[in-house]
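One structure below.
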Amino acid sequence: MKIGVVVFPGSNCDHDAWYAVTHNLGHKAEFIWHGSADLGDVDAVILPGGFSYGDYLRCGAIAKFSAVMPAVKKFAAAGGLVAGFCNGFQILTECGLLPGALIRNRGLKFICKPVDLRVETAGSPFTNTLRPGQILRIPIAHGEGCYVADDDTLDQLEKQRRIAFRYADNPNGAMRDIAGILSEGRNVLGMMPHPERASDPLMGSTDGLGIFESMVSALVRS
Amino acid sequence: MPITQEQLAAHRVTSGEYERIVKILGREPNITELGIFSVMWSEHCSYKSSRLHLKKLPTRSPLVLQGPGENAGIIDIGDGWAIAFKIESHNHPSFIEPFQGAATGVGGILRDIFTMGARPVAVMDAIRFGSLTDPESGARNRRILEGVVSGIAHYGNCFGVPTVGGECSFDPSYSGNPLVNVFALGVFRHDEVFYGRATGIGNPVIYVGAKTGRDGIQGASMASAEFDENSQEKRPNVQVGDPFMEKLLLEACLEAMRTGAIVGIQDMGAAGLTCSTCEMGSRAGTGIEIDLMHVPQRETGMTPYEIMLSESQERMLLVADRGREEEVFRVFRKWGLDAVTIGTVTGDGILRVKDHGAVVAEIPNRPLADEAPLYDRPHGVPAYRKFPVHGPEFSSAGLSADLVKLISSPNLCNKRWVWEQYDYMVRTNTLAGPGSDAAVVRIKDTDTSVAMVLDGNGRYCLLDPREGARLMVAECCRNLSVVGARPVAATNNLNFGNPERPEIMRQLVEAIEGMAEACAFFETPITGGNVSLYNETLGEPIHPTPVLGVVGLMKTAAPVSPVFRRPGLDIVLLGGLGTCDPGRFGSSEYASTVIGSTWGLPPKLDMDYERRVHAAIREAVAAGLADSSHDLSDGGLAVALAECSFGADAIGAVVELDSDLRPELLLFHEGPSRVLVSTSDAAGVQAVAARHGVEAPVIGRTASATLSIANRGMPLAGADVATLRAAWENALPELLAG
């Protein structure tokens, strides 16, 4: 398998995602420059964490205009797996691949800490090796991770079992404790926590690895 | 137009210094030249009051690849890898504008690291503030703390470097002069090192990064003066940081370096374009000629004076191989950054600044950069000392309550409120982060990890600057040893008051000499650092506060826990109970917080014994004998035991001591050379200790949910861990709520 990691100016978890895939998961990964209109021959795409274009405007608001994004959208439309972590999730909501928005944390401060996530569904290419109700310990590191959407959207997400993860102890005020969601086609995942930071035994938790393993397992089956 | 007395005073150039300038130039300077001299010869850039004494510091060891004098020191970590690290202060700007002052402090030290070719992998901050509860200054001090912390978070988080540790403490002496000392560390290969040298006559001088504006003009001079009632008017002198620009600059510089077309590079920090041009020329023995019309400018109508003295952030100056400019430009274009040739390297040793072809400044590089006046400031008086030798009579009203008071005091309480705002994990190398005795960062692609720590203690140094400095070195090396690392090198930040006052100068001299002695003894040479003087407001100096950053090396492995993890293990007090007398107890956190008084002397340090304790704990950790390991520090034994109990599983301890010391001293004295180890093999730990000639009594056992301490059967202090923990956790948020 080969997973592409998009590099925006200001991405700073790009190397971490690359390392998790290559060293902890044992698969291939390559960087995709934001100016590239072509994703190459990758099997899945990761939009990594960071501060794309500085995020001085709304987080992800500039990245959505990036040259690479039409290719990412096309890839997703064709059923390709796209995972956005942290800033990647913010970009996915900005460009409309996922509903809702991420706004300032309830406490108005940046928060970096490991949190407990509850797996809400195993029915997705990102969670197929996990159990519903399973608790994953994965770090968050964000200032704008409070998920918001209108009631209809939230109801629909729940009805279609598109909430992938919920916080066990909501750190940022996210509506309905949402930490990560799926697209309608279930092939796009956005989540605020950083699974690439919980993939190496030396980092204290390998609970994030299950998400990467699920992606590989889904790709193998397809 | 001749220079007036008012202009000299405004530039803080003395008449003696002016005469020297005239002699160097062979004529009167113009105003641009005066401005250039004033910043290069400011205390901040020239170290003119401290340099004579800094020479006493040890700077060499077989591992030191680069000592003081470059942008950062470099240490060999083996297998062709090296680390570059340094600490720098941003005290004055952080008082005037806390958020941007602290943010640009982080930005400045990061550029010092990557200008050498190293990728920054860790930042730590030592920050000090006045009282948070003082009726007059508390609100302002809380605002400064919040601004500084969010400024550090803003810059480091966006740039993508983890803030892995540091310290945050409080004392009324920092009320008008908060201290913000920022440490950064980077990693590279030996053959990736770059220096700030303008070699190769005829080579192009290239400006890259942000455009030049009017911000920060004369910041270096500001950082070399005391504050008075009008200090807030200096706000336009504080620069504004752009961490996104810095991130681009990092990636572009490292990529451009790999082209092989760059021969020298230096960041534009304090004194901006002035400092980078003349220092690069001076180091290489060359001259530099630039024309300011090529300098990218953010605003119109800037004078040569303003352009040369601007401290706009996120700018670099580099010298490329003639004919290979395009390779460099191509990289910077890719990252969307300005890169323009603004001049050339010349053979005449002169910094020649033109503006649209007309010469506006012409100064020999070497005297400007390296021959600033050196002052042997008078210091033949006792060091300034605010507190008495003898303290009041005291008797505890309740030792358990004292313990709660200590662990919920601003200095000893949990600093989670601070460090949770910092991304301490990005780059996935942080094996031990904030809250550990020392931070541990692995170096990917090697089996080596770097441990690092910052420490300072202004109160100890006020009572005895020499002993205080020695204790600080010992504490840093102990912190590294308890995580299993061998200390190898250090960087120092000397924060003091006005050196023109002999009793302050004496503090500085004593502290440097104490640090020199201890750094030589513990084999941690100083590879660079920073001096911040004039930390006074309305004549009131800060406590003399040297801050030391020490780095150590260890094999990459899961780190030992600082907290108790399992009940029923033996607790060994490596180093023993130590000794103290009421005179030395006056420097303790207990004296300050519980008794409300400070007196006497700092704890007594036996460096030889201290070193043996370090060797013993390193060996115990390496052998896997320690289930947890944590050193004794501020607050002494009882506070250390409480801290060991604050793990996720709330494992406390039942401790039974055997000592003649009176209870307050026994529980809370701060004698050095002591480490708490929990172990399932006490005999093994004791055997290691015996080999090193170190005491190692078993003082109790770990126990679920409770902490109790007795001496010879007499209960002294105790509480359930949850209660203690709540007091420790909630203190800072409650203090900040006002």
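Ligands are numbered from 1 in the order shown, residues from 1 within each chain, and chains are lettered A, B, ... in the order they appear in the structure tokens.
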Test item: chain B residues at most 9 Å from chain A, counting only C-alpha atoms, as a PyMOL selection string: chain B and resi 150+153-154+157-161+242-245+247-248+335+419-432+556-559
Those in region 216-436 of chain B with alpha helix (DSSP H) from DSSP, as an MDAnalysis selection string: chainID B and resid 219:222 243:257 272:284 304:309 325:334 365:370 399:407 416:419
Spatial neighbours of region 157-173 of chain A, 10 Å, only C-alpha atoms, chain gap at least 4 places, as a PyMOL selection string: chain A and resi 99+103-111+113+115-124+126-127+132-137+140+142-148+151-153+177-186+189-193
Contact residues around Glu589 (chain B) with only C-alpha atoms at 10 Å, ignoring same-chain residues under 2 positions, as a list in words: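 Final neighbour list, sorted by chain and number: Leu406, Ser409, Asn411, Leu412, Arg459, Phe585, Gly586, Ser587, Ala591, Ser592, Thr593, Val594, Ile595, Gly596, Ser597, Thr598, Ser633, Asp634, Gly635, Gly636, Phe668, His669 and Glu670 of chain B.
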Å distance separating CA of Phe31 (chain A) from CA of Phe332 (chain B), one decimal place: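 One can read the CA of Phe31 (chain A) to CA of Phe332 (chain B) distance as 18.9 Å.
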A:Leu102, A:Ala37, A:Pro195, A:Pro70 ranked by distance to Arg58 (chain A), top pick (using only C-alpha atoms):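 Result for the nearest residue to Arg58 (chain A): A:Leu102.
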Selected residue, from B:Leu553, B:Leu666, B:Leu132, B:Ile512, that lies nearest to Asp171 (chain B) when counting only C-alpha atoms: B:Leu132
Within 12 Å of Asp606 (chain B) using only C-alpha atoms, minus same-chain residues under 4 positions, as a list in words: Glu467, Arg470, Leu471, Ala474, Ala518, Phe521, Gly575, Gly578, Thr579, Glu610, Arg611, Arg612, Val613, Gly671, Pro672, Ser673 and Arg674 of chain B
Got time to write the residues from that selection, C-alpha atoms, as a PDB file, in the first residue's frame?
ATOM      1  CA  GLU B 467      26.702  28.774  45.969  1.00  0.00           C
ATOM      2  CA  ARG B 470      26.755  25.823  41.915  1.00  0.00           C
ATOM      3  CA  LEU B 471      23.487  24.408  43.259  1.00  0.00           C
ATOM      4  CA  ALA B 474      24.064  20.347  40.395  1.00  0.00           C
ATOM      5  CA  ALA B 518      30.516  23.558  38.931  1.00  0.00           C
ATOM      6  CA  PHE B 521      33.370  19.742  37.856  1.00  0.00           C
ATOM      7  CA  GLY B 575      21.692  10.202  48.932  1.00  0.00           C
ATOM      8  CA  GLY B 578      20.836  15.079  54.278  1.00  0.00           C
ATOM      9  CA  THR B 579      21.509  17.782  56.799  1.00  0.00           C
ATOM     10  CA  GLU B 610      26.465  15.003  44.360  1.00  0.00           C
ATOM     11  CA  ARG B 611      28.365  13.494  41.446  1.00  0.00           C
ATOM     12  CA  ARG B 612      28.347  10.075  43.098  1.00  0.00           C
ATOM     13  CA  VAL B 613      24.582  10.295  43.561  1.00  0.00           C
ATOM     14  CA  GLY B 671      19.558  19.813  50.863  1.00  0.00           C
ATOM     15  CA  PRO B 672      20.769  18.646  47.432  1.00  0.00           C
ATOM     16  CA  SER B 673      22.107  15.249  46.281  1.00  0.00           C
ATOM     17  CA  ARG B 674      18.921  13.267  46.954  1.00  0.00           C
TER      18      ARG B 674
END
Considering only C-alpha atoms, return as a PDB file with C-alpha atoms, in the first residue's frame whatever protein or nucleic-acid residues lie within 8 Å of Tyr384 (chain B), sequence-local ones (same chain, fewer than 3 positions apart) excluded.
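File written: out_36.pdb
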ATOM      1  CA  LEU B 462      20.380  36.351  46.140  1.00  0.00           C
ATOM      2  CA  GLU B 503      26.883  45.339  44.420  1.00  0.00           C
ATOM      3  CA  ILE B 504      24.983  44.000  41.374  1.00  0.00           C
ATOM      4  CA  ARG B 506      29.464  41.506  42.319  1.00  0.00           C
ATOM      5  CA  GLN B 507      26.446  39.194  42.100  1.00  0.00           C
TER       6      GLN B 507
END
Distance criterion (only C-alpha atoms): nearest to Phe212 (chain A) out of A:Trp33, A:Phe65, A:Phe75, A:Trp18: A:Trp18
CA of Gln5 (chain B) to CA of Val22 (chain B), straight-line distance in Å: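 Between CA of Val22 (chain B) and CA of Gln5 (chain B) the gap is 14.5 Å.
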Near-Lys555 (chain B) list (9 Å; only C-alpha atoms; drop same-chain fewer than 6 positions) as a PyMOL selection string: chain B and resi 442+447-450+484-485
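Going from CA of Asn530 (chain B) over to CA of Thr491 (chain B), you cover 8.3 Å.
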